[in-house]
Amino acid sequence: MNTVAMEQNNRIHPFKFNLWIAIGSMVMMFAGLTSAYIVKRNQAGWQDYQLPPEFLYSTAAIIISSLTMVLAKRAFKGRMMARYRKLIFATLSLGIVFVVLQVLGFTHLYRMGLTHNSTVSVSFLYVIVGFHALHVAGGIVALLVLALRSRSKKERNYSSISVELAGIYWHFVDLLWIYLLVFMFMIR
Amino acid sequence: MSNVVSIQDSALHHSHEAHESHHHQSFISKYVFSQDHKTIAKQFLITGIIWAVVGAFFSVVFRLQLGFPDSTFPFLENLFGHWAKGGKITPEFYYALVTMHGTILVFFVLTAGLSGTFANFLIPLQIGARDMASPLLNMLSYWFFFAASIVMIVSLFVQTGPASGGWTIYPPLSALGEASVGSVVGMDYWLVSIGLFIISSLLGGLNYVSTILNLRTKGMSMTRMPLTIWGLFFTAILGILSFPVLLSGAVLLLFDRNLGTSFFLSDIIVAGKILPNEGGSPILFQHLFWFLGHPEVYIVILPAMGITSEILAINSRKPIFGYMAMIGSFFAICTLAFLVWAHHMFVTGMNPFLGAVFVLLTLLIAVPSAVKVFNWLTTLWRGNIRFTPAMVAAIGFVSLFISGGLTGIFVGNAALDIALHDTYFIIAHFHLVMGVAAFFGMFAGIYHWFPKMYGREMNNTLAYIHIWVTLIGAYLIFWPMHYTGLAGMPRRYYDYSNWESFKMFGGMNQFISIVVIIVFITQFLFIINFFYSIWRGRRATENPWGATTLEWTTPVNPGHGNWPGEIPEVHRWAYDYSKDGKDFIMQTTPVGEEETKGH
Ligand code: HEM
Ligand SMILES: [Cu+2]
């Protein structure tokens, strides 16, 4: 790692700080999308839609994965590496289940004739949910790296910072999903 | 924190290495994929200069059309081929040039070139850090910008030409290939390029914020930071919060263009053919665009404001007047910047009550802006002024900002703006207040920090000629546009001589175009001066301007890590000029027993 500098008052690890700011900008992007959605919702030509049930199941998957992530971090800090390894694999698998369920949800919509360009409301659904799924996929890549690394014996992989970063990000995409789900339930 | 100490040690180690074994570092890692913030700053600067030449040249070409609509210029055909058959550019190409001019200058030059250069160069040096919080992200920020540049350049060479729907890329023009040739594929390149650009500016921005908040040297409290840093700090925050919204708009537009969705399209008939799109709203795009677009104009101007504040104080040999008010007004401007975007949309048929709210919020921005202007003027007042090139450019900035800001108050009133919208009055307003002013901030910064960047000085005579000709030229170009705009001359027209009512401005347009050519040529004085001085300039001394800030405590050519020994500690603010009989006191000088109480 080529982090030159810093002897001074860094109360928070700079990577963690960077991640928080990046989360701020991701929040703004989804805020942009959802406010565009609201503006459109209040104009003529909006059609109601039903969320496919797969989206609900995927919610369960991602909430549980957040819990296993918390436990994984705790295990890591307690240096219970076997337990950590199991938990990080569990989180990773649940993340994959989430994405698969989302894809199934979209196929469901597609079969009902609600294609991405059928009507504006559904187009929004595709873009917003799809964009979130991409963010989850990014998290999955991070988890994958952690999972692979957890099998290595090298001491230098014992710093907790990457686990913490992945954890923060993972909880963020989880919360973001819950927000989006509630949002699309309430405002259709 | 044990890891912190070890990182510091490795940094020290690193910087020694850089000094002693110069030849060990390969050319690639030193100059190309460098992670040193100073090198990255220079990469941003030089890429920005190249873009500035291209963007300015485009304006010369379309000004030739506007000034001499009946003449032909054979060299244009040699350059642009079928876009300028017979030496006269086509209307389609005119729009492409105008669009590219705006895009290049707003984003690539005045955002990446300005923030990218000075944030990278000054933040670590002025707050006392060895580098950015994450040099790797910093390097990536430049290379994303580079990739964005490449994509934009490629778009200039595609068969149907680059995007041509204006820098604001309003749909439906930008959404439909049927609408204009630039929208066939040029627009896709534009969107991809700006997407990469946004990633670049986010990576840069989060690094700047995190560095300023976390890596200040001992004693450098936030309220001891130079105002340049404050300007760059708020710029970064604005970018982080507003660019993602443009990204979402760009994604929706890409969907509309390529996947048949109708976010922004509805009830459209092109050449007698009814398109299937239904239910979208082009106004929605304007909201998304201007939610970025307005903060973006401040992203452009805040770094220039910070640079100006710094240079005015240094060369007046006086403390900056109203330091805290400067920070407060930065904050106020940033907050308001997010609440006024709809003033670009007064003519979209918005609810008049909503319009009135936006008028009020818009006019409120004049207050913090005026605070800044008065503080600059008061700093100059009875100063012991040194008219260095940087100082003249900084004073030029203040002048331009006042001239353009005043017309902001005109167009901020919906009642007036409904008449003035999309006329040359708007062109005059934003070129003075943003375009040229920010350029002057950039020139000031370059003339001032060149000795720190390259260890040499630029030539003063060339610099004075360059600044004065550019300043006078800018006024000659844009001042008349206020009148033509008031007379109703609309912007973005290919040929005004077709209209009886605008024929009388033919002479004026010709005059403006001639000045444009002169100013364009003058810029080469700057460019020659810049590149010549990198290698041949007079060798600089350690603190050529007698400034107080930390960057002037480094060696003339600082290595990787900036300070060979320990990072200096800071004991006072950055503006102790003409204090207790001393011309200036460095920030690193401890406060004396007898000293009058200061900041
Ligand atoms: C006194 C403060 C200001 C006020 C009240 C103000 C108001 C406005 C308004 C209402 C418009 C829209 C005009 C129209 O299109 O009909 C406008 C356009 C513009 N302003 Fe300002 N402005 C102010 C300062 C600034 C500053 C400081 C900048 C940049 C640094 C700036 C940059 C621009 C740009 C780039 C446009 C035109 C964008 C376009 O349509 O291409 N303005 N301004
Ligand atoms: Cu604005």
# chains A, B, ... in the order shown; residues from 1 in each chain; ligands from 1
>>> residues_near_ligand(ligand="ligand 2", cutoff="7 Å", atoms="only C-alpha atoms and all ligand atoms", output="PyMOL selection string")
chain B and resi 293-294+297+340-341+343-344
>>> residues_near_ligand(ligand="ligand 1", cutoff="6 Å", atoms="only C-alpha atoms and all ligand atoms", output="PyMOL selection string")
chain B and resi 297-298+301+343-344+362-363+365-366+405+408-409+411-412+417+420-422+426+430+433-434
>>> interface_residues(of="chain B", to="chain A", cutoff="6 Å", atoms="only C-alpha atoms", output="PyMOL selection string")
chain B and resi 8+11+129-131+206+214-215+217+240-241+244-245+248+260-261+279
>>> select_by_dssp(residues="stretch 102-180 of chain A", states="helix (DSSP H, G or I)", output="VMD selection string")
chain A and resid 102 to 111 120 to 149 155 to 158 161 to 180
>>> residues_around(residues="A:Ile178", least_positions_apart="6", cutoff="10 Å", atoms="only C-alpha atoms", output="list in words")
Thr59, Ile62, Ile63, Phe172 and Met184 of chain A
>>> residues_around(residues="A:Leu87", least_positions_apart="3", cutoff="6 Å", atoms="only C-alpha atoms", output="number ranges by chain")
A: 68, 72, 84, 90
>>> closest_residue(among="A:Ile38, A:Leu56, A:Val100, A:Ala82", to="A:Ser152", atoms="only C-alpha atoms")
A:Ala82
>>> residues_around(residues="B:Val398", least_positions_apart="2", cutoff="9 Å", atoms="only C-alpha atoms", output="ChimeraX atom specification")
/B:305,308,373,376-377,393-396,400-403,437
>>> write_last_selection(atoms="C-alpha atoms", output="short mmCIF file (atom, residue, chain, number, x, y, z; two decimals), in the first residue's frame")
data_model
loop_
_atom_site.label_atom_id
_atom_site.label_comp_id
_atom_site.auth_asym_id
_atom_site.auth_seq_id
_atom_site.Cartn_x
_atom_site.Cartn_y
_atom_site.Cartn_z
CA MET B 305 -12.01 32.64 -5.68
CA THR B 308 -7.60 35.15 -5.88
CA VAL B 373 -16.16 41.19 -3.54
CA TRP B 376 -11.28 41.63 -1.89
CA LEU B 377 -11.61 45.33 -2.49
CA ALA B 393 -4.67 38.48 -13.20
CA ALA B 394 -6.28 38.27 -9.76
CA ILE B 395 -7.47 41.88 -9.99
CA GLY B 396 -8.78 41.01 -13.45
CA LEU B 400 -14.78 40.27 -14.33
CA PHE B 401 -16.64 38.72 -11.45
CA ILE B 402 -18.26 42.05 -10.61
CA SER B 403 -19.19 42.76 -14.22
CA ALA B 437 -13.18 35.02 -14.63
#
>>> decode(residues="stretch 312-340 of chain B", atoms="N, CA and C atoms", output="PDB file, in the first residue's frame")
ATOM      1  N   LEU B 312      -4.293  38.140  -3.733  1.00  0.00           N
ATOM      2  CA  LEU B 312      -4.535  39.547  -3.394  1.00  0.00           C
ATOM      3  C   LEU B 312      -3.885  39.895  -2.064  1.00  0.00           C
ATOM      4  N   ALA B 313      -4.018  39.001  -1.087  1.00  0.00           N
ATOM      5  CA  ALA B 313      -3.436  39.305   0.222  1.00  0.00           C
ATOM      6  C   ALA B 313      -1.912  39.366   0.128  1.00  0.00           C
ATOM      7  N   ILE B 314      -1.331  38.366  -0.546  1.00  0.00           N
ATOM      8  CA  ILE B 314       0.129  38.317  -0.629  1.00  0.00           C
ATOM      9  C   ILE B 314       0.670  39.573  -1.295  1.00  0.00           C
ATOM     10  N   ASN B 315       0.042  39.973  -2.404  1.00  0.00           N
ATOM     11  CA  ASN B 315       0.608  41.081  -3.158  1.00  0.00           C
ATOM     12  C   ASN B 315       0.108  42.447  -2.727  1.00  0.00           C
ATOM     13  N   SER B 316      -0.803  42.480  -1.739  1.00  0.00           N
ATOM     14  CA  SER B 316      -1.115  43.766  -1.113  1.00  0.00           C
ATOM     15  C   SER B 316      -0.313  43.915   0.168  1.00  0.00           C
ATOM     16  N   ARG B 317       0.404  42.869   0.518  1.00  0.00           N
ATOM     17  CA  ARG B 317       1.147  42.814   1.781  1.00  0.00           C
ATOM     18  C   ARG B 317       0.234  43.182   2.941  1.00  0.00           C
ATOM     19  N   LYS B 318      -0.949  42.628   2.915  1.00  0.00           N
ATOM     20  CA  LYS B 318      -1.922  42.884   3.984  1.00  0.00           C
ATOM     21  C   LYS B 318      -2.633  41.583   4.305  1.00  0.00           C
ATOM     22  N   PRO B 319      -3.091  41.431   5.560  1.00  0.00           N
ATOM     23  CA  PRO B 319      -3.919  40.258   5.839  1.00  0.00           C
ATOM     24  C   PRO B 319      -5.185  40.312   4.977  1.00  0.00           C
ATOM     25  N   ILE B 320      -5.696  39.150   4.613  1.00  0.00           N
ATOM     26  CA  ILE B 320      -6.956  39.144   3.883  1.00  0.00           C
ATOM     27  C   ILE B 320      -8.016  39.764   4.778  1.00  0.00           C
ATOM     28  N   PHE B 321      -8.848  40.589   4.208  1.00  0.00           N
ATOM     29  CA  PHE B 321      -9.894  41.218   5.022  1.00  0.00           C
ATOM     30  C   PHE B 321     -11.052  40.249   5.189  1.00  0.00           C
ATOM     31  N   GLY B 322     -11.488  40.046   6.438  1.00  0.00           N
ATOM     32  CA  GLY B 322     -12.669  39.220   6.682  1.00  0.00           C
ATOM     33  C   GLY B 322     -12.462  37.754   6.398  1.00  0.00           C
ATOM     34  N   TYR B 323     -11.417  37.183   7.011  1.00  0.00           N
ATOM     35  CA  TYR B 323     -11.120  35.765   6.765  1.00  0.00           C
ATOM     36  C   TYR B 323     -12.323  34.882   7.088  1.00  0.00           C
ATOM     37  N   MET B 324     -12.907  35.068   8.277  1.00  0.00           N
ATOM     38  CA  MET B 324     -14.033  34.207   8.649  1.00  0.00           C
ATOM     39  C   MET B 324     -15.237  34.465   7.747  1.00  0.00           C
ATOM     40  N   ALA B 325     -15.421  35.738   7.352  1.00  0.00           N
ATOM     41  CA  ALA B 325     -16.537  36.049   6.456  1.00  0.00           C
ATOM     42  C   ALA B 325     -16.335  35.361   5.099  1.00  0.00           C
ATOM     43  N   MET B 326     -15.079  35.220   4.699  1.00  0.00           N
ATOM     44  CA  MET B 326     -14.790  34.522   3.447  1.00  0.00           C
ATOM     45  C   MET B 326     -15.231  33.064   3.547  1.00  0.00           C
ATOM     46  N   ILE B 327     -14.895  32.425   4.670  1.00  0.00           N
ATOM     47  CA  ILE B 327     -15.292  31.032   4.839  1.00  0.00           C
ATOM     48  C   ILE B 327     -16.813  30.931   4.910  1.00  0.00           C
ATOM     49  N   GLY B 328     -17.411  31.840   5.674  1.00  0.00           N
ATOM     50  CA  GLY B 328     -18.865  31.831   5.812  1.00  0.00           C
ATOM     51  C   GLY B 328     -19.546  32.009   4.458  1.00  0.00           C
ATOM     52  N   SER B 329     -18.984  32.907   3.630  1.00  0.00           N
ATOM     53  CA  SER B 329     -19.657  33.135   2.349  1.00  0.00           C
ATOM     54  C   SER B 329     -19.442  31.955   1.406  1.00  0.00           C
ATOM     55  N   PHE B 330     -18.299  31.294   1.514  1.00  0.00           N
ATOM     56  CA  PHE B 330     -18.136  30.047   0.761  1.00  0.00           C
ATOM     57  C   PHE B 330     -19.250  29.075   1.137  1.00  0.00           C
ATOM     58  N   PHE B 331     -19.445  28.954   2.437  1.00  0.00           N
ATOM     59  CA  PHE B 331     -20.444  28.005   2.920  1.00  0.00           C
ATOM     60  C   PHE B 331     -21.835  28.387   2.419  1.00  0.00           C
ATOM     61  N   ALA B 332     -22.152  29.677   2.519  1.00  0.00           N
ATOM     62  CA  ALA B 332     -23.478  30.133   2.090  1.00  0.00           C
ATOM     63  C   ALA B 332     -23.662  29.887   0.597  1.00  0.00           C
ATOM     64  N   ILE B 333     -22.631  30.184  -0.180  1.00  0.00           N
ATOM     65  CA  ILE B 333     -22.741  29.984  -1.627  1.00  0.00           C
ATOM     66  C   ILE B 333     -22.989  28.515  -1.932  1.00  0.00           C
ATOM     67  N   CYS B 334     -22.266  27.638  -1.232  1.00  0.00           N
ATOM     68  CA  CYS B 334     -22.419  26.209  -1.493  1.00  0.00           C
ATOM     69  C   CYS B 334     -23.807  25.725  -1.156  1.00  0.00           C
ATOM     70  N   THR B 335     -24.320  26.187  -0.019  1.00  0.00           N
ATOM     71  CA  THR B 335     -25.650  25.739   0.375  1.00  0.00           C
ATOM     72  C   THR B 335     -26.681  26.229  -0.635  1.00  0.00           C
ATOM     73  N   LEU B 336     -26.607  27.525  -0.947  1.00  0.00           N
ATOM     74  CA  LEU B 336     -27.584  28.076  -1.885  1.00  0.00           C
ATOM     75  C   LEU B 336     -27.441  27.448  -3.267  1.00  0.00           C
ATOM     76  N   ALA B 337     -26.224  27.042  -3.617  1.00  0.00           N
ATOM     77  CA  ALA B 337     -25.995  26.509  -4.960  1.00  0.00           C
ATOM     78  C   ALA B 337     -26.903  25.320  -5.250  1.00  0.00           C
ATOM     79  N   PHE B 338     -27.308  24.611  -4.189  1.00  0.00           N
ATOM     80  CA  PHE B 338     -28.169  23.452  -4.402  1.00  0.00           C
ATOM     81  C   PHE B 338     -29.642  23.825  -4.470  1.00  0.00           C
ATOM     82  N   LEU B 339     -29.960  25.082  -4.231  1.00  0.00           N
ATOM     83  CA  LEU B 339     -31.369  25.451  -4.090  1.00  0.00           C
ATOM     84  C   LEU B 339     -31.856  26.387  -5.182  1.00  0.00           C
ATOM     85  N   VAL B 340     -31.066  26.587  -6.215  1.00  0.00           N
ATOM     86  CA  VAL B 340     -31.444  27.604  -7.189  1.00  0.00           C
ATOM     87  C   VAL B 340     -31.497  27.086  -8.616  1.00  0.00           C
TER      88      VAL B 340
END
